[in-house]
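Trainee: Here's a structure for you.
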Amino acid sequence: MYDYVIVGAGSAGCVLAARLTEDPDVRVALVEAGGPDDAPEIHTPVAFGSLFKTELDWDYDTEPEPALDGRRAYLPRGRMLGGSSSMNAMVYIRGDRADYDEWPGLGAPGWAWQDVLPYFLRAEDNERGASALHGAGGPLTVSDGRSRHPLMDAFVKAARQAGLPYNEDFNGPRQEGVGYYQLTQRAGLRCSAAVAYLHPARDRPNLDVITGALCHRVLFEGDRAAGVVIERAHETAELRAAREVVLCAGAYNSPQLLMLSGIGPAAALAALDIPPRVDLPVGANLQDHPHVGLAYRTSAETLLSARTPENLALLTEAGRGPLTSNIAEAGGFLRTRDGLPAADAQLHAAPVLFLDDGLGAVTEHAFTMGALVLRPTSRGQVTLRSALPSAMPRIQHNYLATPEDRDTLVRALRTVLEIAEQPALARHLSAPLRVPPGAAAASHADILAFARRGAQSLYHPVGTCAIGAVVDPELRVLGVAGLRVVDASVMPSLVRGNINAPTIMIAERAADLIRGGTPAASPAQAAEAAQAAGAPGAAGVAG
């Protein structure tokens, strides 16, 4: 018997396990289907692509995507301690404040920018120090990249020549512009949620970390969640929760577990002989960032030749060098048309060939850059393939299903093509390797056809257990007691940027909600409260 049973040791589950066990009187079980995060490739930043389609990857695919010429899109997800934070590109992005200010109107009061900022700050240990928009002293190390490949300097200069402003901090006062991404790295190595939160808490006597355990379903006593059924080493067992069961299994697996437990679209569950418990739109509202990359041959030396004994020594002894590269070292945010309230496209640049979902063979020196749609209007769905817990869910993203998404992507790719022609970058590019026919002069139809053939996930699925539809603003599943969902699936809409930092923020806030504490205050709120009490206001925030 535990107080809390947490399912999924990914970005959210690691945070919750660490925060809840700060109380020595609370006993927590953290259940993870995968194994430990001890493979060296996990901690070597440049090597994250080598984890794809291994035992450390859930290795999902979409159903055939109608707007991608019927292709299936590969969906890597981390299956180990740290989850996808143990195999992502480590880009630290929160999104635009407008993203969160939209959430209360979508059924998520208490999740506006001023409400969530304190939890970003609590989590963060930014090497640049504390400020009104950055935290220092938190568990999650955020640092500047230590690779800084010369091709990235050329990309940033070329983007500026194409008219985009420079931005030294995408999590600062404004998001738009081009520059270098800050990363979740510590001393040049990956700082996953497991490294930041779980490992420091691992020896607490009130925390049991159970790996290699596939969760089958949630157990109920009446209308209250009482525990979970797990399978480990081909044997099933029950873990009981005196207070709550918390699903932190991500945007694909959390809805799958809810549906296996009878919570979801009633007719669909009944068709699989699963007795419906609560009829909710579980699995709907699936959103992701569709991305298209372009590649050029280059005369410059790229990361293709980075894996040398000398560079390995640089990594292990000094925490620097090309092996610290997160691949997507530089990029930016832009509005592809006038009249938008914020950016609608994001750029990524990499000093290596990175195509075909990151699965293509890297056989020559090449430079990759691409664009994604930040606020897609297309919506997908996660459904059950069968009632067997081991069956992969059926995932349909419907990438580029709407004219708005297609037009945004074409405009963004035109910007990428223009950047490639600028003097700062063009002198490094010897020949196009994979670009639309006609390059910058390509027609809308040709660019769209190119995008349909090459679009892939940028690994940011959200929305399938959304606040206001499946869970309430305190992340409690509607219609039952003792059950919450805490992960990216609760986002009612997709943020403008990578989702690891927002997922950690959600878990930090959930820890306060579960413990019943007073929500943390933002710097502005703290200053207002201090002023009202006649005390000096706070100028910055330490984590």
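Residues are referred to by chain and number: the chain letter is A, B, ... according to the order shown in the structure tokens, the number counts from 1 in that chain, and ligands are numbered separately from 1 in the order shown.
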Give me the residues near Asn171 (chain A) as a ChimeraX atom specification, where near means some atom within 8 Å (using only C-alpha atoms) and where sequence neighbours in that chain fewer than 5 positions away do not count.
Mentor: /A:93-95,133
Trainee: I need the chosen residues saved as a PDB file, in the first residue's frame, with all heavy atoms.
Mentor:
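Dumped to part24.pdb:
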```pdb
ATOM      1  N   ILE A  93      12.487  25.407 -24.138  1.00  0.00           N
ATOM      2  CA  ILE A  93      11.569  26.445 -24.613  1.00  0.00           C
ATOM      3  C   ILE A  93      10.288  26.343 -23.786  1.00  0.00           C
ATOM      4  O   ILE A  93       9.754  25.257 -23.577  1.00  0.00           O
ATOM      5  CB  ILE A  93      11.226  26.260 -26.103  1.00  0.00           C
ATOM      6  CG1 ILE A  93      12.460  26.506 -26.986  1.00  0.00           C
ATOM      7  CG2 ILE A  93      10.096  27.200 -26.521  1.00  0.00           C
ATOM      8  CD1 ILE A  93      12.917  27.945 -27.040  1.00  0.00           C
ATOM      9  N   ARG A  94       9.798  27.485 -23.343  1.00  0.00           N
ATOM     10  CA  ARG A  94       8.551  27.488 -22.574  1.00  0.00           C
ATOM     11  C   ARG A  94       7.321  27.699 -23.443  1.00  0.00           C
ATOM     12  O   ARG A  94       6.225  27.271 -23.086  1.00  0.00           O
ATOM     13  CB  ARG A  94       8.597  28.609 -21.532  1.00  0.00           C
ATOM     14  CG  ARG A  94       9.687  28.452 -20.499  1.00  0.00           C
ATOM     15  CD  ARG A  94       9.756  29.707 -19.653  1.00  0.00           C
ATOM     16  NE  ARG A  94      10.815  29.616 -18.669  1.00  0.00           N
ATOM     17  CZ  ARG A  94      11.287  30.665 -17.997  1.00  0.00           C
ATOM     18  NH1 ARG A  94      10.786  31.873 -18.247  1.00  0.00           N
ATOM     19  NH2 ARG A  94      12.244  30.507 -17.114  1.00  0.00           N
ATOM     20  N   GLY A  95       7.489  28.407 -24.560  1.00  0.00           N
ATOM     21  CA  GLY A  95       6.346  28.847 -25.335  1.00  0.00           C
ATOM     22  C   GLY A  95       6.114  30.329 -25.103  1.00  0.00           C
ATOM     23  O   GLY A  95       6.791  30.976 -24.296  1.00  0.00           O
ATOM     24  N   LEU A 133      12.420  36.571 -15.268  1.00  0.00           N
ATOM     25  CA  LEU A 133      11.940  35.535 -16.182  1.00  0.00           C
ATOM     26  C   LEU A 133      12.776  34.262 -16.132  1.00  0.00           C
ATOM     27  O   LEU A 133      12.540  33.342 -16.926  1.00  0.00           O
ATOM     28  CB  LEU A 133      11.928  36.083 -17.618  1.00  0.00           C
ATOM     29  CG  LEU A 133      10.877  37.151 -17.905  1.00  0.00           C
ATOM     30  CD1 LEU A 133      11.058  37.722 -19.307  1.00  0.00           C
ATOM     31  CD2 LEU A 133       9.469  36.597 -17.743  1.00  0.00           C
TER      32      LEU A 133
END
```
Trainee: Can you list, as a compact mmCIF listing (two decimals) with N, CA, C and O atoms, in the first residue's frame, all residues belonging to region 36-280 of chain A that DSSP tags as strand (DSSP E)?
Mentor:
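Writing done, so here's part_12.txt:
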```txt
# COMPACT_ATOMS: atom_id res chain seq x y z
N TYR A 60 6.50 4.06 -31.70
CA TYR A 60 5.16 4.16 -32.25
C TYR A 60 5.20 4.68 -33.69
O TYR A 60 6.16 5.30 -34.12
N ASP A 61 4.11 4.43 -34.40
CA ASP A 61 3.87 5.00 -35.72
C ASP A 61 2.43 5.47 -35.78
O ASP A 61 1.55 4.92 -35.10
N TYR A 74 6.75 8.16 -38.06
CA TYR A 74 7.41 7.54 -36.91
C TYR A 74 7.31 8.47 -35.70
O TYR A 74 7.52 9.67 -35.79
N LEU A 75 7.00 7.88 -34.54
CA LEU A 75 6.78 8.65 -33.31
C LEU A 75 7.65 8.08 -32.19
O LEU A 75 7.21 7.25 -31.40
N GLU A 124 13.83 25.76 -12.64
CA GLU A 124 14.99 26.13 -13.45
C GLU A 124 16.23 26.47 -12.63
O GLU A 124 16.16 27.14 -11.60
N ASP A 125 17.36 26.02 -13.14
CA ASP A 125 18.66 26.47 -12.65
C ASP A 125 19.44 26.96 -13.87
O ASP A 125 20.23 26.23 -14.46
N ASN A 126 19.18 28.20 -14.26
CA ASN A 126 19.77 28.74 -15.48
C ASN A 126 21.16 29.27 -15.18
O ASN A 126 21.35 30.06 -14.25
N LEU A 140 16.46 21.64 -12.46
CA LEU A 140 16.70 21.44 -13.89
C LEU A 140 17.75 22.41 -14.40
O LEU A 140 17.51 23.62 -14.49
N THR A 141 18.91 21.91 -14.76
CA THR A 141 19.97 22.77 -15.27
C THR A 141 19.66 23.21 -16.70
O THR A 141 19.37 22.37 -17.57
N VAL A 142 19.73 24.50 -16.94
CA VAL A 142 19.53 25.09 -18.27
C VAL A 142 20.80 25.86 -18.62
O VAL A 142 21.22 26.74 -17.86
N SER A 143 21.39 25.52 -19.74
CA SER A 143 22.69 26.11 -20.08
C SER A 143 22.75 26.47 -21.55
O SER A 143 21.98 25.98 -22.38
N ASP A 144 23.72 27.31 -21.88
CA ASP A 144 24.01 27.60 -23.28
C ASP A 144 24.73 26.39 -23.88
O ASP A 144 25.47 25.68 -23.20
N GLY A 177 12.55 35.85 -33.42
CA GLY A 177 13.91 36.10 -33.82
C GLY A 177 14.68 34.81 -33.97
O GLY A 177 14.13 33.71 -33.82
N VAL A 178 15.95 34.91 -34.31
CA VAL A 178 16.81 33.74 -34.49
C VAL A 178 17.99 33.80 -33.53
O VAL A 178 18.40 34.88 -33.10
N GLY A 179 18.52 32.64 -33.20
CA GLY A 179 19.65 32.58 -32.29
C GLY A 179 19.97 31.15 -31.93
O GLY A 179 19.64 30.21 -32.68
N TYR A 180 20.54 30.98 -30.75
CA TYR A 180 20.98 29.66 -30.29
C TYR A 180 20.07 29.20 -29.15
O TYR A 180 19.76 29.98 -28.24
N GLN A 182 18.91 27.51 -25.74
CA GLN A 182 19.40 27.02 -24.47
C GLN A 182 18.94 25.57 -24.30
O GLN A 182 17.91 25.16 -24.84
N LEU A 183 19.71 24.82 -23.52
CA LEU A 183 19.53 23.37 -23.47
C LEU A 183 19.43 22.87 -22.04
O LEU A 183 19.99 23.48 -21.12
N GLN A 185 21.10 20.83 -20.26
CA GLN A 185 22.38 20.14 -20.11
C GLN A 185 23.08 20.63 -18.85
O GLN A 185 22.92 21.78 -18.44
N ARG A 186 23.86 19.71 -18.28
CA ARG A 186 24.66 20.01 -17.10
C ARG A 186 26.09 19.58 -17.38
O ARG A 186 26.34 18.40 -17.62
N LEU A 189 26.54 17.46 -20.49
CA LEU A 189 25.81 16.20 -20.58
C LEU A 189 24.32 16.45 -20.44
O LEU A 189 23.89 17.49 -19.91
N ARG A 190 23.51 15.49 -20.87
CA ARG A 190 22.06 15.63 -20.79
C ARG A 190 21.62 15.78 -19.33
O ARG A 190 22.05 15.04 -18.44
N LEU A 207 10.30 6.16 -1.27
CA LEU A 207 10.12 6.08 -2.72
C LEU A 207 10.54 4.72 -3.24
O LEU A 207 11.68 4.31 -3.05
N ASP A 208 9.61 4.04 -3.91
CA ASP A 208 9.91 2.79 -4.60
C ASP A 208 9.83 3.04 -6.10
O ASP A 208 8.77 3.44 -6.60
N VAL A 209 10.92 2.83 -6.80
CA VAL A 209 10.94 2.96 -8.26
C VAL A 209 10.89 1.56 -8.84
O VAL A 209 11.79 0.74 -8.61
N ILE A 210 9.83 1.27 -9.59
CA ILE A 210 9.58 -0.07 -10.11
C ILE A 210 9.72 -0.02 -11.62
O ILE A 210 8.86 0.52 -12.32
N ALA A 213 7.88 -2.54 -15.66
CA ALA A 213 6.51 -2.88 -15.23
C ALA A 213 5.50 -2.17 -16.13
O ALA A 213 5.39 -0.95 -16.10
N LEU A 214 4.78 -2.94 -16.92
CA LEU A 214 3.75 -2.39 -17.80
C LEU A 214 2.44 -2.28 -17.04
O LEU A 214 1.95 -3.27 -16.48
N CYS A 215 1.87 -1.09 -17.00
CA CYS A 215 0.59 -0.88 -16.33
C CYS A 215 -0.54 -1.35 -17.24
O CYS A 215 -0.60 -0.97 -18.41
N HIS A 216 -1.43 -2.19 -16.68
CA HIS A 216 -2.56 -2.71 -17.45
C HIS A 216 -3.78 -1.81 -17.36
O HIS A 216 -4.44 -1.54 -18.35
N ARG A 217 -4.11 -1.39 -16.13
CA ARG A 217 -5.32 -0.58 -15.95
C ARG A 217 -5.35 -0.04 -14.53
O ARG A 217 -4.56 -0.45 -13.66
N VAL A 218 -6.25 0.90 -14.32
CA VAL A 218 -6.49 1.46 -12.99
C VAL A 218 -7.53 0.61 -12.29
O VAL A 218 -8.54 0.21 -12.89
N LEU A 219 -7.30 0.33 -11.02
CA LEU A 219 -8.27 -0.39 -10.18
C LEU A 219 -9.20 0.60 -9.51
O LEU A 219 -8.78 1.70 -9.10
N PHE A 220 -10.47 0.23 -9.38
CA PHE A 220 -11.44 1.10 -8.73
C PHE A 220 -12.15 0.35 -7.60
O PHE A 220 -12.37 -0.86 -7.67
N GLU A 221 -12.49 1.10 -6.57
CA GLU A 221 -13.42 0.67 -5.53
C GLU A 221 -14.57 1.65 -5.56
O GLU A 221 -14.43 2.79 -5.15
N ARG A 224 -13.94 5.35 -6.98
CA ARG A 224 -12.64 5.87 -6.55
C ARG A 224 -11.51 4.98 -7.04
O ARG A 224 -11.56 3.75 -6.90
N ALA A 225 -10.47 5.61 -7.62
CA ALA A 225 -9.29 4.86 -8.02
C ALA A 225 -8.57 4.36 -6.78
O ALA A 225 -8.29 5.12 -5.86
N ALA A 226 -8.27 3.07 -6.77
CA ALA A 226 -7.68 2.46 -5.58
C ALA A 226 -6.29 1.89 -5.84
O ALA A 226 -5.64 1.40 -4.91
N GLY A 227 -5.83 1.91 -7.09
CA GLY A 227 -4.52 1.36 -7.40
C GLY A 227 -4.41 1.03 -8.87
O GLY A 227 -5.23 1.48 -9.69
N VAL A 228 -3.42 0.23 -9.22
CA VAL A 228 -3.21 -0.18 -10.61
C VAL A 228 -2.82 -1.64 -10.66
O VAL A 228 -2.31 -2.20 -9.67
N VAL A 229 -3.06 -2.24 -11.82
CA VAL A 229 -2.57 -3.59 -12.11
C VAL A 229 -1.35 -3.44 -13.01
O VAL A 229 -1.40 -2.74 -14.03
N ILE A 230 -0.25 -4.08 -12.62
CA ILE A 230 0.96 -4.03 -13.43
C ILE A 230 1.40 -5.44 -13.81
O ILE A 230 1.02 -6.42 -13.16
N GLU A 231 2.18 -5.53 -14.88
CA GLU A 231 2.79 -6.80 -15.29
C GLU A 231 4.30 -6.61 -15.30
O GLU A 231 4.82 -5.68 -15.93
N ARG A 232 4.97 -7.51 -14.60
CA ARG A 232 6.42 -7.43 -14.50
C ARG A 232 6.98 -8.84 -14.53
O ARG A 232 6.55 -9.69 -13.77
N GLU A 235 4.47 -11.62 -14.77
CA GLU A 235 3.57 -11.84 -13.65
C GLU A 235 2.82 -10.54 -13.35
O GLU A 235 3.39 -9.45 -13.45
N THR A 236 1.55 -10.66 -13.00
CA THR A 236 0.76 -9.48 -12.68
C THR A 236 0.70 -9.27 -11.17
O THR A 236 0.82 -10.22 -10.39
N ALA A 237 0.56 -8.02 -10.79
CA ALA A 237 0.47 -7.67 -9.38
C ALA A 237 -0.36 -6.40 -9.27
O ALA A 237 -0.58 -5.68 -10.25
N GLU A 238 -0.84 -6.14 -8.08
CA GLU A 238 -1.60 -4.93 -7.80
C GLU A 238 -0.79 -4.01 -6.89
O GLU A 238 -0.16 -4.47 -5.94
N LEU A 239 -0.80 -2.73 -7.22
CA LEU A 239 -0.23 -1.70 -6.35
C LEU A 239 -1.39 -0.84 -5.87
O LEU A 239 -2.15 -0.30 -6.69
N ARG A 240 -1.54 -0.72 -4.58
CA ARG A 240 -2.67 0.00 -4.00
C ARG A 240 -2.27 1.43 -3.62
O ARG A 240 -1.16 1.66 -3.14
N ALA A 241 -3.19 2.36 -3.83
CA ALA A 241 -2.96 3.77 -3.52
C ALA A 241 -4.01 4.24 -2.52
O ALA A 241 -5.21 4.23 -2.81
N ALA A 242 -3.56 4.66 -1.33
CA ALA A 242 -4.49 5.12 -0.31
C ALA A 242 -5.06 6.50 -0.64
O ALA A 242 -6.19 6.82 -0.26
N ARG A 243 -4.26 7.30 -1.36
CA ARG A 243 -4.73 8.66 -1.68
C ARG A 243 -5.08 8.82 -3.15
O ARG A 243 -6.23 9.11 -3.48
N GLU A 244 -4.10 8.64 -4.05
CA GLU A 244 -4.38 8.90 -5.46
C GLU A 244 -3.52 8.03 -6.36
O GLU A 244 -2.39 7.66 -6.00
N VAL A 245 -4.06 7.76 -7.54
CA VAL A 245 -3.31 7.24 -8.67
C VAL A 245 -3.08 8.42 -9.62
O VAL A 245 -4.02 9.18 -9.91
N VAL A 246 -1.85 8.58 -10.09
CA VAL A 246 -1.52 9.69 -10.98
C VAL A 246 -0.91 9.11 -12.26
O VAL A 246 0.14 8.45 -12.21
N LEU A 247 -1.56 9.36 -13.38
CA LEU A 247 -1.05 8.90 -14.68
C LEU A 247 -0.14 9.97 -15.26
O LEU A 247 -0.57 11.11 -15.48
N ILE A 263 -12.59 4.54 -18.98
CA ILE A 263 -12.84 5.98 -19.04
C ILE A 263 -12.49 6.45 -20.44
O ILE A 263 -11.33 6.42 -20.86
N GLY A 264 -13.51 6.87 -21.18
CA GLY A 264 -13.30 7.27 -22.56
C GLY A 264 -14.60 7.25 -23.32
O GLY A 264 -15.69 7.16 -22.72
N VAL A 278 -16.90 6.02 -17.33
CA VAL A 278 -17.22 7.43 -17.52
C VAL A 278 -17.04 7.74 -19.00
O VAL A 278 -16.00 7.44 -19.59
N ASP A 279 -18.06 8.36 -19.59
CA ASP A 279 -18.02 8.71 -21.02
C ASP A 279 -17.36 10.08 -21.17
O ASP A 279 -17.97 11.11 -20.87
```
Trainee: Identify which of the residues A:Arg434, A:His397, A:Arg97, A:Arg427 lies closest to Ala251 (chain A), counting only C-alpha atoms when measuring atom-to-atom distances.
Mentor: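 Closest to Ala251 (chain A) of all the choices is A:His397.
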Trainee: So, with only C-alpha atoms as the atoms that count, which of A:Ser305, A:Thr402, A:Gln346, A:Ser390 lies closest to Gly370 (chain A)?
Mentor: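 Once distances to Gly370 (chain A) are computed over only C-alpha atoms, the minimum belongs to A:Gln346.
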Trainee: What lies within 12 Å of Ser84 (chain A) using only C-alpha atoms, ignoring chain neighbours under 3 positions off, as a PyMOL selection string?
Mentor: chain A and resi 8-14+34+37+42+48-49+51-52+56-59+75-81+87-90+190-194+248-251+459-461+487-488+498-501+503-504
Trainee: Of the residues A:Thr383, A:Asn253, A:Ser378, A:Ser147, which is the one nearest to Val46 (chain A), using only C-alpha atoms?
Mentor: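 Among A:Thr383, A:Asn253, A:Ser378, A:Ser147, it is A:Ser147 that comes nearest to Val46 (chain A).
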Trainee: Report, in Å to a single decimal, how far apart CA of Ile514 (chain A) and CA of Ile467 (chain A) are.
Mentor: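 Those two atoms sit 15.7 Å apart.
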Trainee: Pick from A:Arg202, A:Lys157, A:His43, A:Arg71: nearest to Thr184 (chain A), with only C-alpha atoms counted?
Mentor: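 For Thr184 (chain A), the nearest of the candidates is A:His43.
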Trainee: Please list as a PyMOL selection string every residue within 10 Å of Pro205 (chain A), counting only C-alpha atoms and excluding residues in the same chain fewer than 3 positions away.
Mentor: chain A and resi 21+24+27-28+201-202+208
Trainee: May I have a table of the residues of region 61-151 of chain A lying at most 12 Å from region 405-425 of chain A, giving each one's closest pair of atoms and their distance in Å to one decimal, counting only C-alpha atoms, ordered by chain and ascending residue number, as CSV?
Mentor:
```
residue,atom,partner,partner_atom,distance
A:Ala67,CA,A:Arg406,CA,9.4
A:Leu68,CA,A:Arg406,CA,10.9
A:Pro150,CA,A:Leu425,CA,10.3
A:Leu151,CA,A:Leu425,CA,7.6
```
Trainee: Once you have the residues from the selection above, write them out as a tab-separated table (two decimals), in the first residue's frame, restricted to N, CA, C and O atoms.
Mentor:
```tsv
chain	number	residue	atom	x	y	z
A	67	ALA	N	-2.95	13.37	-45.42
A	67	ALA	CA	-2.32	14.54	-46.02
A	67	ALA	C	-0.82	14.40	-46.21
A	67	ALA	O	-0.16	15.32	-46.69
A	68	LEU	N	-0.27	13.25	-45.83
A	68	LEU	CA	1.15	12.96	-46.06
A	68	LEU	C	1.30	11.85	-47.09
A	68	LEU	O	2.19	10.99	-46.97
A	150	PRO	N	30.50	26.03	-36.36
A	150	PRO	CA	30.60	27.19	-37.25
A	150	PRO	C	29.43	27.32	-38.23
A	150	PRO	O	29.05	28.44	-38.61
A	151	LEU	N	28.85	26.21	-38.66
A	151	LEU	CA	27.70	26.29	-39.56
A	151	LEU	C	26.50	26.95	-38.87
A	151	LEU	O	25.64	27.54	-39.53
```
Trainee: If DSSP is run on the backbone, what residues of region 277-396 of chain A are helix (DSSP H, G or I)? A reply as a ChimeraX atom specification would be ideal.
Mentor: /A:303-305,309-318,322-324,356-358
